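Structure file work_15.csv (CSV, C-alpha atoms) is printed below.
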```
chain,number,residue,atom,x,y,z
A,7,MET,CA,-10.6,18.8,-11.1
A,8,VAL,CA,-8.3,18.7,-8.1
A,9,ASP,CA,-6.9,22.1,-7.1
A,10,VAL,CA,-3.2,22.4,-8.1
A,11,TRP,CA,-2.2,23.1,-4.5
A,12,THR,CA,-4.2,20.1,-3.2
A,13,GLY,CA,-2.4,18.0,-5.9
A,14,LEU,CA,1.0,19.4,-4.8
A,15,LEU,CA,0.1,18.6,-1.1
A,16,ALA,CA,-0.7,15.0,-2.1
A,17,LEU,CA,2.6,14.7,-3.9
A,18,ASN,CA,4.4,16.0,-0.9
A,19,THR,CA,2.5,13.6,1.3
A,20,LEU,CA,3.5,10.7,-1.0
A,21,GLY,CA,7.1,11.7,-0.7
A,22,LEU,CA,6.8,11.8,3.1
A,23,TYR,CA,5.3,8.3,3.2
A,24,ALA,CA,8.1,7.0,1.0
A,25,SER,CA,10.8,8.7,3.1
A,26,ALA,CA,9.3,7.4,6.4
A,27,LEU,CA,8.9,3.8,5.2
A,28,VAL,CA,12.2,3.5,3.5
A,29,SER,CA,14.3,5.2,6.1
A,30,PHE,CA,12.7,3.5,9.1
A,31,GLY,CA,12.3,0.2,7.2
A,32,SER,CA,16.0,0.0,6.3
A,33,VAL,CA,16.8,0.5,10.0
A,34,LEU,CA,14.3,-2.2,11.0
A,35,ILE,CA,15.8,-4.6,8.5
A,36,GLY,CA,19.3,-3.9,9.8
A,37,PHE,CA,18.2,-4.8,13.3
A,38,ALA,CA,16.2,-7.9,12.3
A,39,PHE,CA,19.0,-9.4,10.1
A,40,THR,CA,22.0,-8.0,11.8
A,41,ARG,CA,24.0,-11.3,11.3
A,42,ILE,CA,23.2,-11.5,7.6
A,43,LEU,CA,23.0,-7.9,6.3
A,44,ARG,CA,26.1,-5.6,6.5
A,45,ARG,CA,25.5,-1.9,7.2
A,46,PRO,CA,26.8,-0.6,3.8
A,47,TYR,CA,23.8,-2.4,2.1
A,48,TYR,CA,21.2,-0.2,3.8
A,49,ARG,CA,22.9,2.7,5.5
A,50,ASP,CA,22.9,5.0,2.5
A,51,LEU,CA,19.1,4.4,2.1
A,52,THR,CA,18.5,5.5,5.7
A,53,LEU,CA,20.7,8.6,5.1
A,54,MET,CA,19.2,9.6,1.8
A,55,TRP,CA,15.5,9.1,2.7
A,56,SER,CA,15.7,10.6,6.1
A,57,LEU,CA,17.3,13.7,4.6
A,58,LEU,CA,14.5,13.8,2.0
A,59,GLY,CA,12.0,13.3,4.8
A,60,LEU,CA,13.4,16.4,6.7
A,61,ILE,CA,13.1,18.5,3.6
A,62,LEU,CA,9.5,17.3,2.8
A,63,SER,CA,8.5,17.9,6.4
A,64,ALA,CA,9.3,21.6,6.0
A,65,THR,CA,7.7,21.9,2.5
A,66,ASP,CA,4.6,20.2,3.9
A,67,ILE,CA,3.9,23.2,6.0
A,68,ALA,CA,4.7,25.7,3.2
A,69,VAL,CA,2.5,23.9,0.6
A,70,ARG,CA,-0.4,23.7,3.1
A,71,ALA,CA,-0.1,27.5,3.7
A,72,ALA,CA,-0.1,28.0,-0.1
A,73,ALA,CA,-3.1,25.7,-0.5
A,74,LEU,CA,-4.9,27.8,2.1
A,75,THR,CA,-4.6,31.0,0.0
A,76,GLY,CA,-4.6,29.3,-3.4
A,77,ALA,CA,-1.4,31.2,-4.3
A,78,ALA,CA,2.3,30.6,-4.0
A,79,SER,CA,2.6,33.7,-1.8
A,80,GLY,CA,0.8,31.9,1.0
A,81,ALA,CA,3.9,29.7,1.5
A,82,LYS,CA,5.8,32.7,2.9
A,83,ASP,CA,2.9,34.5,4.6
A,84,PRO,CA,3.6,34.4,8.3
A,85,GLU,CA,-0.1,34.6,9.2
A,86,MET,CA,-0.9,31.5,7.1
A,87,LEU,CA,2.2,29.6,8.3
A,88,LYS,CA,1.2,30.3,11.9
A,89,LEU,CA,-2.4,29.3,11.2
A,90,VAL,CA,-1.3,25.9,9.8
A,91,TRP,CA,1.3,25.4,12.6
A,92,GLY,CA,-1.4,25.9,15.2
A,93,THR,CA,-3.3,22.8,14.1
A,94,PRO,CA,-2.3,19.1,14.6
A,95,VAL,CA,-0.2,19.5,11.4
A,96,GLY,CA,2.3,21.5,13.5
A,97,ASP,CA,2.5,18.8,16.2
A,98,ALA,CA,3.0,16.1,13.6
A,99,ALA,CA,5.7,18.2,11.9
A,100,LEU,CA,7.6,18.5,15.2
A,101,TRP,CA,7.6,14.8,15.8
A,102,ARG,CA,8.5,14.1,12.2
A,103,VAL,CA,11.4,16.6,12.1
A,104,ALA,CA,12.8,15.2,15.4
A,105,GLY,CA,12.4,11.6,14.1
A,106,PHE,CA,14.0,12.2,10.7
A,107,ALA,CA,16.9,14.1,12.4
A,108,LEU,CA,17.5,11.1,14.8
A,109,LEU,CA,17.4,8.7,11.8
A,110,LEU,CA,19.9,10.8,10.0
A,111,VAL,CA,22.3,11.3,12.9
A,112,GLY,CA,21.9,7.7,13.9
A,113,ALA,CA,22.9,6.5,10.4
A,114,LEU,CA,25.8,8.9,10.4
A,115,LEU,CA,27.1,7.5,13.7
A,116,GLY,CA,27.2,4.0,12.4
A,117,ARG,CA,26.8,1.1,14.8
A,118,MET,CA,26.8,3.5,17.8
A,119,GLY,CA,23.8,5.3,16.4
A,120,SER,CA,21.6,2.2,15.7
A,121,TRP,CA,19.3,2.7,18.7
A,122,LEU,CA,19.1,6.5,18.0
A,123,ALA,CA,18.0,5.7,14.4
A,124,LEU,CA,15.4,3.2,15.6
A,125,SER,CA,13.9,5.7,18.1
A,126,GLY,CA,13.8,8.3,15.3
A,127,GLY,CA,11.9,5.9,13.1
A,128,VAL,CA,9.4,5.3,16.0
A,129,LEU,CA,8.9,9.0,16.3
A,130,VAL,CA,8.3,9.4,12.5
A,131,MET,CA,5.7,6.6,12.6
A,132,CYS,CA,4.0,8.2,15.6
A,133,SER,CA,3.8,11.5,13.7
A,134,PHE,CA,1.4,9.9,11.2
A,135,THR,CA,-1.0,8.9,13.9
A,136,LEU,CA,-1.4,12.5,15.1
A,137,LEU,CA,-3.5,13.7,12.1
A,138,GLY,CA,-5.7,12.3,9.4
A,139,HIS,CA,-8.8,10.3,9.4
A,140,VAL,CA,-7.6,7.9,12.1
A,141,ALA,CA,-6.7,10.7,14.5
A,142,GLU,CA,-10.1,12.3,13.9
A,143,GLN,CA,-11.7,9.2,15.5
A,144,GLU,CA,-10.1,10.2,18.8
A,145,ALA,CA,-9.5,6.6,19.8
A,146,PHE,CA,-6.0,5.9,21.2
A,147,TRP,CA,-6.3,2.2,20.4
A,148,LEU,CA,-6.9,3.0,16.7
A,149,GLN,CA,-3.8,5.2,16.6
A,150,LEU,CA,-1.9,2.3,18.1
A,151,VAL,CA,-3.3,0.0,15.3
A,152,LEU,CA,-2.2,2.6,12.7
A,153,TYR,CA,1.3,2.6,14.3
A,154,PHE,CA,1.7,-1.1,14.0
A,155,HIS,CA,0.2,-1.1,10.4
A,156,LEU,CA,2.9,1.5,9.4
A,157,SER,CA,5.7,-0.2,11.2
A,158,ALA,CA,4.8,-3.6,9.5
A,159,ALA,CA,4.7,-1.7,6.1
A,160,ALA,CA,8.1,-0.2,6.8
A,161,PHE,CA,9.5,-3.6,7.5
A,162,TRP,CA,8.2,-4.9,4.2
A,163,VAL,CA,9.3,-1.8,2.2
A,164,GLY,CA,12.7,-1.8,4.0
A,165,ILE,CA,13.7,-5.2,2.6
A,166,LEU,CA,13.2,-4.4,-1.0
A,167,GLY,CA,16.2,-2.1,-1.6
A,168,PRO,CA,18.9,-4.1,0.2
A,169,LEU,CA,17.6,-7.5,-1.1
A,170,ARG,CA,17.6,-6.3,-4.7
A,171,ARG,CA,21.1,-4.8,-4.3
A,172,LEU,CA,22.4,-8.1,-3.0
A,173,ALA,CA,20.6,-10.1,-5.7
A,174,LEU,CA,22.4,-8.0,-8.3
A,175,ASP,CA,25.8,-8.5,-6.7
A,176,ARG,CA,27.4,-11.7,-8.2
A,177,ASP,CA,29.6,-12.1,-5.1
A,178,LYS,CA,26.8,-11.9,-2.6
A,179,LEU,CA,24.2,-14.3,-4.0
A,180,ASP,CA,24.5,-16.6,-1.0
A,181,VAL,CA,23.8,-13.6,1.3
A,182,ALA,CA,20.9,-12.5,-0.8
A,183,ALA,CA,19.4,-16.1,-0.6
A,184,GLN,CA,19.8,-16.1,3.2
A,185,LEU,CA,18.3,-12.6,3.6
A,186,GLY,CA,15.4,-13.6,1.3
A,187,HIS,CA,14.8,-16.8,3.3
A,188,GLY,CA,15.0,-14.9,6.6
A,189,PHE,CA,12.5,-12.3,5.4
A,190,GLY,CA,10.2,-15.0,4.2
A,191,ARG,CA,10.1,-16.4,7.7
A,192,ALA,CA,9.7,-13.0,9.4
A,193,ALA,CA,6.9,-12.1,7.0
A,194,LEU,CA,4.8,-14.9,8.5
A,195,PHE,CA,4.5,-12.8,11.6
A,196,VAL,CA,4.7,-9.3,10.1
A,197,LEU,CA,2.2,-9.7,7.3
A,198,PRO,CA,-0.7,-10.8,9.6
A,199,VAL,CA,-0.1,-7.6,11.6
A,200,LEU,CA,-0.1,-5.5,8.5
A,201,VAL,CA,-3.3,-7.0,7.1
A,202,ALA,CA,-5.2,-7.3,10.4
A,203,ALA,CA,-4.4,-3.7,11.3
A,204,GLY,CA,-5.4,-2.5,7.9
A,205,ALA,CA,-8.7,-4.4,8.1
A,206,VAL,CA,-9.5,-2.9,11.5
A,207,MET,CA,-8.9,0.6,10.3
A,208,ALA,CA,-10.9,0.1,7.1
A,209,TRP,CA,-13.8,-1.3,9.2
A,210,ARG,CA,-13.7,1.6,11.6
A,211,LEU,CA,-13.3,4.3,8.8
A,212,LEU,CA,-15.9,2.9,6.4
A,213,ASP,CA,-18.4,2.0,9.2
A,214,THR,CA,-21.0,0.6,6.8
A,215,TRP,CA,-21.0,-1.6,3.7
A,216,ALA,CA,-22.7,1.3,1.8
A,217,ALA,CA,-19.6,3.4,2.4
A,218,VAL,CA,-17.6,1.0,0.1
A,219,ALA,CA,-19.3,2.7,-2.8
A,220,THR,CA,-18.1,6.2,-1.8
A,221,PRO,CA,-15.0,7.6,-3.5
A,222,TYR,CA,-13.1,6.9,-0.2
A,223,GLY,CA,-14.3,3.3,-0.2
A,224,LEU,CA,-13.4,2.7,-3.9
A,225,ALA,CA,-9.9,4.1,-3.4
A,226,LEU,CA,-9.5,1.9,-0.4
A,227,LEU,CA,-10.5,-1.1,-2.5
A,228,VAL,CA,-7.8,-0.2,-5.1
A,229,LYS,CA,-5.3,-0.1,-2.2
A,230,ILE,CA,-6.5,-3.5,-0.9
A,231,LEU,CA,-6.2,-5.0,-4.4
A,232,ALA,CA,-2.7,-3.6,-4.8
A,233,VAL,CA,-1.7,-5.0,-1.4
A,234,ALA,CA,-3.1,-8.4,-2.4
A,235,VAL,CA,-1.0,-8.3,-5.6
A,236,LEU,CA,2.1,-7.5,-3.5
A,237,MET,CA,1.3,-10.4,-1.2
A,238,GLY,CA,1.0,-12.7,-4.2
A,239,ILE,CA,4.4,-11.5,-5.5
A,240,GLY,CA,5.9,-12.0,-2.0
A,241,ALA,CA,4.5,-15.5,-1.9
A,242,ALA,CA,6.1,-16.3,-5.3
A,243,ASN,CA,9.4,-15.0,-4.0
A,244,LYS,CA,9.2,-17.2,-0.9
A,245,THR,CA,8.2,-20.4,-2.7
A,246,ARG,CA,10.0,-20.1,-6.0
A,247,HIS,CA,12.8,-17.5,-6.4
A,248,VAL,CA,14.4,-17.7,-2.9
A,249,PRO,CA,14.5,-21.5,-2.8
A,250,ALA,CA,16.0,-21.5,-6.3
A,251,MET,CA,18.7,-19.1,-5.1
A,252,LEU,CA,19.4,-21.3,-2.0
A,253,ARG,CA,19.9,-24.2,-4.4
A,254,GLY,CA,22.3,-22.1,-6.4
A,255,GLU,CA,20.3,-22.1,-9.6
A,256,GLY,CA,21.5,-19.8,-12.3
A,257,GLY,CA,19.3,-16.8,-13.2
A,258,ALA,CA,17.3,-17.1,-10.0
A,259,ALA,CA,18.9,-13.9,-8.5
A,260,ASP,CA,18.2,-11.9,-11.7
A,261,ALA,CA,14.6,-13.1,-11.6
A,262,LEU,CA,14.3,-12.1,-7.9
A,263,ALA,CA,15.8,-8.6,-8.7
A,264,ASN,CA,13.2,-8.1,-11.5
A,265,VAL,CA,10.3,-9.1,-9.3
A,266,ILE,CA,11.5,-6.8,-6.5
A,267,ARG,CA,11.5,-3.9,-9.1
A,268,LYS,CA,7.8,-4.8,-9.8
A,269,GLU,CA,7.1,-4.9,-6.1
A,270,GLN,CA,8.6,-1.4,-5.7
A,271,VAL,CA,6.2,-0.1,-8.5
A,272,VAL,CA,3.2,-1.6,-6.7
A,273,VAL,CA,4.4,-0.1,-3.4
A,274,ALA,CA,4.5,3.3,-5.2
A,275,LEU,CA,1.0,2.8,-6.3
A,276,ILE,CA,-0.2,1.9,-2.8
A,277,LEU,CA,1.4,5.0,-1.4
A,278,THR,CA,-0.1,7.2,-4.1
A,279,VAL,CA,-3.6,5.9,-3.3
A,280,THR,CA,-2.9,6.4,0.4
A,281,ALA,CA,-1.8,10.0,-0.2
A,282,ALA,CA,-5.0,10.6,-2.2
A,283,LEU,CA,-7.1,9.0,0.5
A,284,THR,CA,-5.5,11.3,3.1
A,285,VAL,CA,-5.3,14.6,1.3
A,286,VAL,CA,-7.9,14.6,-1.6
A,287,ILE,CA,-10.7,12.2,-0.6
A,288,GLY,CA,-12.7,12.8,2.5
A,289,ALA,CA,-13.5,9.9,4.8
A,290,PRO,CA,-17.2,8.9,4.6
A,291,VAL,CA,-17.8,9.1,8.4
B,27,MET,CA,3.5,-0.7,-16.8
B,28,ARG,CA,4.6,1.9,-14.3
B,29,TRP,CA,3.2,4.8,-16.3
B,30,PHE,CA,0.0,2.9,-16.9
B,31,LEU,CA,-0.5,2.5,-13.2
B,32,TYR,CA,0.3,6.1,-12.4
B,33,THR,CA,-1.9,7.4,-15.2
B,34,THR,CA,-4.8,5.3,-14.0
B,35,VAL,CA,-4.5,6.5,-10.4
B,36,LEU,CA,-4.1,10.2,-11.4
B,37,LEU,CA,-7.2,9.9,-13.8
B,38,ALA,CA,-9.2,8.4,-11.0
B,39,TRP,CA,-7.9,11.0,-8.6
B,40,THR,CA,-9.1,13.9,-10.7
B,41,GLY,CA,-12.6,12.4,-10.8
B,42,LEU,CA,-12.7,12.1,-7.0
B,43,ALA,CA,-12.3,15.7,-6.1
B,44,ALA,CA,-14.2,15.6,-2.8
B,45,ALA,CA,-11.3,17.5,-1.2
B,46,HIS,CA,-12.8,17.4,2.3
B,47,SER,CA,-15.4,20.1,1.4
B,48,LYS,CA,-17.9,19.6,4.1
B,49,MET,CA,-20.1,22.6,3.5
B,50,ASP,CA,-23.6,22.0,4.9
B,51,GLU,CA,-25.5,24.9,3.4
B,52,THR,CA,-25.1,28.3,1.6
B,53,MET,CA,-27.4,31.2,1.2
B,54,PRO,CA,-28.2,31.7,-1.6
B,55,ALA,CA,-28.2,28.0,-2.3
B,56,ASP,CA,-26.0,26.6,-5.1
B,57,GLY,CA,-27.8,26.9,-8.4
B,58,ALA,CA,-30.5,29.3,-7.1
B,59,THR,CA,-32.1,32.0,-9.3
B,60,LEU,CA,-32.9,35.3,-7.5
B,61,ASP,CA,-34.7,38.5,-8.5
B,62,ASP,CA,-32.3,40.7,-6.6
B,63,ALA,CA,-28.7,40.3,-5.6
B,64,PRO,CA,-28.4,39.3,-1.9
B,65,GLN,CA,-26.8,41.8,0.6
B,66,GLU,CA,-25.0,39.0,2.4
B,67,LEU,CA,-23.7,35.5,1.8
B,68,VAL,CA,-24.1,32.8,4.4
B,69,LEU,CA,-21.8,29.8,4.5
B,70,ARG,CA,-22.5,27.0,7.0
B,71,PHE,CA,-20.2,24.0,7.6
B,72,ASP,CA,-20.7,20.8,9.5
B,73,GLN,CA,-17.3,21.2,11.2
B,74,SER,CA,-15.6,24.3,12.7
B,75,ILE,CA,-13.3,25.9,10.2
B,76,ARG,CA,-11.3,29.1,9.8
B,77,LEU,CA,-12.4,30.8,6.6
B,78,VAL,CA,-9.3,32.3,4.9
B,79,THR,CA,-10.4,33.5,1.4
B,80,VAL,CA,-13.7,34.1,-0.3
B,81,LYS,CA,-13.7,35.3,-3.9
B,82,ILE,CA,-16.8,36.3,-5.8
B,83,THR,CA,-16.8,36.4,-9.6
B,84,HIS,CA,-19.6,38.1,-11.6
B,85,ALA,CA,-20.4,37.1,-15.1
B,86,ASP,CA,-17.0,35.5,-15.6
B,87,GLU,CA,-15.5,39.0,-15.8
B,88,HIS,CA,-15.3,41.0,-12.6
B,89,SER,CA,-13.7,39.2,-9.6
B,90,GLU,CA,-13.1,40.5,-6.1
B,91,PRO,CA,-12.3,39.1,-2.7
B,92,LEU,CA,-14.8,39.5,0.2
B,93,LYS,CA,-13.5,41.1,3.4
B,94,LEU,CA,-13.0,38.6,6.2
B,95,ASP,CA,-11.8,41.1,8.8
B,96,GLU,CA,-14.6,40.2,11.2
B,97,GLN,CA,-14.2,36.4,10.6
B,98,ALA,CA,-10.8,36.0,12.4
B,99,GLY,CA,-11.6,32.8,14.4
B,100,PHE,CA,-12.9,29.3,13.8
B,101,GLY,CA,-16.6,28.8,13.4
B,102,THR,CA,-19.4,26.9,11.6
B,103,GLU,CA,-21.4,29.8,10.2
B,104,PHE,CA,-20.1,32.9,8.3
B,105,LYS,CA,-22.2,35.9,7.2
B,106,LEU,CA,-20.4,38.0,4.7
B,107,PRO,CA,-21.7,41.3,3.4
B,108,MET,CA,-21.6,41.7,-0.4
B,109,THR,CA,-22.5,44.4,-2.9
B,110,SER,CA,-24.5,43.8,-6.0
B,111,MET,CA,-22.7,43.8,-9.3
B,112,GLY,CA,-25.9,43.6,-11.3
B,113,THR,CA,-27.7,40.8,-13.0
B,114,GLY,CA,-26.0,37.6,-14.2
B,115,ARG,CA,-24.1,34.7,-12.9
B,116,TYR,CA,-22.2,34.9,-9.5
B,117,GLU,CA,-19.6,32.3,-8.7
B,118,VAL,CA,-18.3,32.1,-5.1
B,119,GLU,CA,-15.0,30.3,-4.3
B,120,TRP,CA,-13.8,29.8,-0.7
B,121,ARG,CA,-10.8,28.3,1.1
B,122,GLY,CA,-10.5,27.5,4.8
B,123,LEU,CA,-8.6,25.4,7.3
B,124,GLY,CA,-10.3,22.8,9.5
B,125,GLU,CA,-9.4,22.6,13.2
B,126,ASP,CA,-7.8,19.2,12.4
B,127,GLY,CA,-5.5,20.8,9.8
B,128,HIS,CA,-7.3,19.8,6.7
B,129,ILE,CA,-7.3,22.3,3.9
B,130,MET,CA,-10.9,22.8,2.7
B,131,THR,CA,-11.9,24.3,-0.6
B,132,GLY,CA,-15.2,24.7,-2.4
B,133,ARG,CA,-17.4,26.8,-4.7
B,134,PHE,CA,-21.0,27.5,-5.4
B,135,GLY,CA,-22.9,29.8,-7.7
B,136,PHE,CA,-26.3,31.5,-8.2
B,137,ASP,CA,-28.0,33.7,-10.9
B,138,VAL,CA,-29.6,37.1,-10.5
B,139,GLN,CA,-32.3,37.9,-13.1
```

Would you kindly transcribe this structure into structure tokens?
Amino acid sequence: MVDVWTGLLALNTLGLYASALVSFGSVLIGFAFTRILRRPYYRDLTLMWSLLGLILSATDIAVRAAALTGAASGAKDPEMLKLVWGTPVGDAALWRVAGFALLLVGALLGRMGSWLALSGGVLVMCSFTLLGHVAEQEAFWLQLVLYFHLSAAAFWVGILGPLRRLALDRDKLDVAAQLGHGFGRAALFVLPVLVAAGAVMAWRLLDTWAAVATPYGLALLVKILAVAVLMGIGAANKTRHVPAMLRGEGGAADALANVIRKEQVVVALILTVTAALTVVIGAPV
Amino acid sequence: MRWFLYTTVLLAWTGLAAAHSKMDETMPADGATLDDAPQELVLRFDQSIRLVTVKITHADEHSEPLKLDEQAGFGTEFKLPMTSMGTGRYEVEWRGLGEDGHIMTGRFGFDVQ
């Protein structure tokens, strides 16, 4: 059985992933579709998830200190906190806190703060390249690959909330159709980056075919399958639901909103497996 | 559907409890049977770690932490003095921090006849 503190750390990591992808993703989508998407449709997502990210960045250190002693008292033990802070976890936390704070302030400032929020998102993405199995490889190019993988994932995750919100708004169906169409075109460039970067990292971390049979390899397979399902759903949106909305067909927007809800569930599954890969399961090399 | 997916992942998760335990070797070895209780425990790791807690439990009854005062830094080998608690099963549980920030946990056990 997984130790309760390791489980809590994985849950905290899951929350951090979601906070990073949604807050940065919403800003990316705002930049990419600035002529279609109005700020109120994504600003609250940036605010809420960056605030959650700030909180989880702090609890991450506390939960690690508790996990170190196996007791809740470890979370407020100065020696344990200092010990955790002295590792790359502390460096990553600094980048992350600065990044989430910039995202939060940028979103609060409105249009003026757009670039501030964008730079904050870049810092948050960078923080994830400072620790974990990729960082252990000590190869800068691989950290860069992870950065692009995460940014592409943020772009994908970032569209889901605003697009669903628009699809459910009877007065904004034309905007939803345009946004869905625009994302479908952007995805032709973003998805290859996501998949290629993921494939490079999987190849580097697994190293041999035999490693596919290890717990890490099997969990990675589950993640790849889930991403394939997500891509299938995305393809259906692009070829079926969005064109139907552009034609003004009744019920198409509701169908799209339902499918996006399913996509959000699959994203949650992917992030859960990723958190397990990072915290619970050791890389085979 | 959502709860089905989550349950599947969590069930798989509990079966995959590798938890970054990269212990190379212990003395006594895990599962060993000895005539006398050892005077010290040796824990060897394949990566440098900072050992934070080591708890030894005898016969599922008596449990006590081992002193780590002299193990303040990171290292790959730790020799910890222990006192005999008689015959029976000894379970050792340890926790440490890898230099990369990973939390490491593990356990091993041996019997004294």

**OP:** Would you kindly report the residues of chain A within 9 Å of chain B, using all atoms listed in the file, as a ChimeraX atom specification?
**Re:** /A:7-9,12,70-71,73-76,86,89-96,137-138,141-142,221-222,225,268,271-272,274-275,278-279,282,285-289

Original post:
If we count all atoms listed in the file, what is near region 56-65 of chain A at a cut-off of 7 Å, once residues fewer than 2 positions away on the same chain are taken out, given as a ChimeraX atom specification?
Top reply: /A:18,22,25-26,29,52-54,67-69,99,102-103,106,109-110

Subject >> Distance query Tyr116 (chain B) at most 6 Å, all atoms listed in the file, self and fewer than 4 positions along chain excluded, as a PyMOL selection string >> reply: chain B and resi 83-84+135-136

Those selected residues, please, written with C-alpha atoms and delivered as a PDB file, in the frame of the given file.
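Writing the result to result.pdb gives the following:
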```pdb
ATOM      1  CA  THR B  83     -16.800  36.400  -9.600  1.00  0.00           C
ATOM      2  CA  HIS B  84     -19.600  38.100 -11.600  1.00  0.00           C
ATOM      3  CA  GLY B 135     -22.900  29.800  -7.700  1.00  0.00           C
ATOM      4  CA  PHE B 136     -26.300  31.500  -8.200  1.00  0.00           C
TER       5      PHE B 136
END
```

**OP:** Determine, counting all atoms listed in the file, which protein, DNA and RNA residues have an atom within 12 Å of an atom of region 242-253 of chain A; residues of the same chain fewer than 5 positions away are not included. Present the result as an MDAnalysis selection string.
**Re:** chainID A and resid 166 169:170 172:173 176 178:194 235:237 258:266 268:269

**OP:** May I ask which of the residues B:Leu60, B:Ala55, B:Met111, B:Val138 is the closest one to His88 (chain B), counting only C-alpha atoms?
**Re:**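 Using only C-alpha atoms, His88 (chain B) sits closest to B:Met111.
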
Subject >> Protein and nucleic acid residues near (-7.5, -1.6, 0.3) (cut-off 12 Å, only C-alpha atoms) as a ChimeraX atom specification >> reply: /A:200-209,211-212,218,222-236,275-277,279-280,283

Subject >> B:Ile75, B:Ala58, B:Ile82, B:Met53 ranked by distance to Lys105 (chain B), top pick (using only C-alpha atoms) >> reply: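 Among the listed residues, the smallest separation from Lys105 (chain B) belongs to B:Met53.
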
Subject >> Separation of CA of Trp11 (chain A) from CA of Ala104 (chain A) in Å >> reply: 26.1 Å
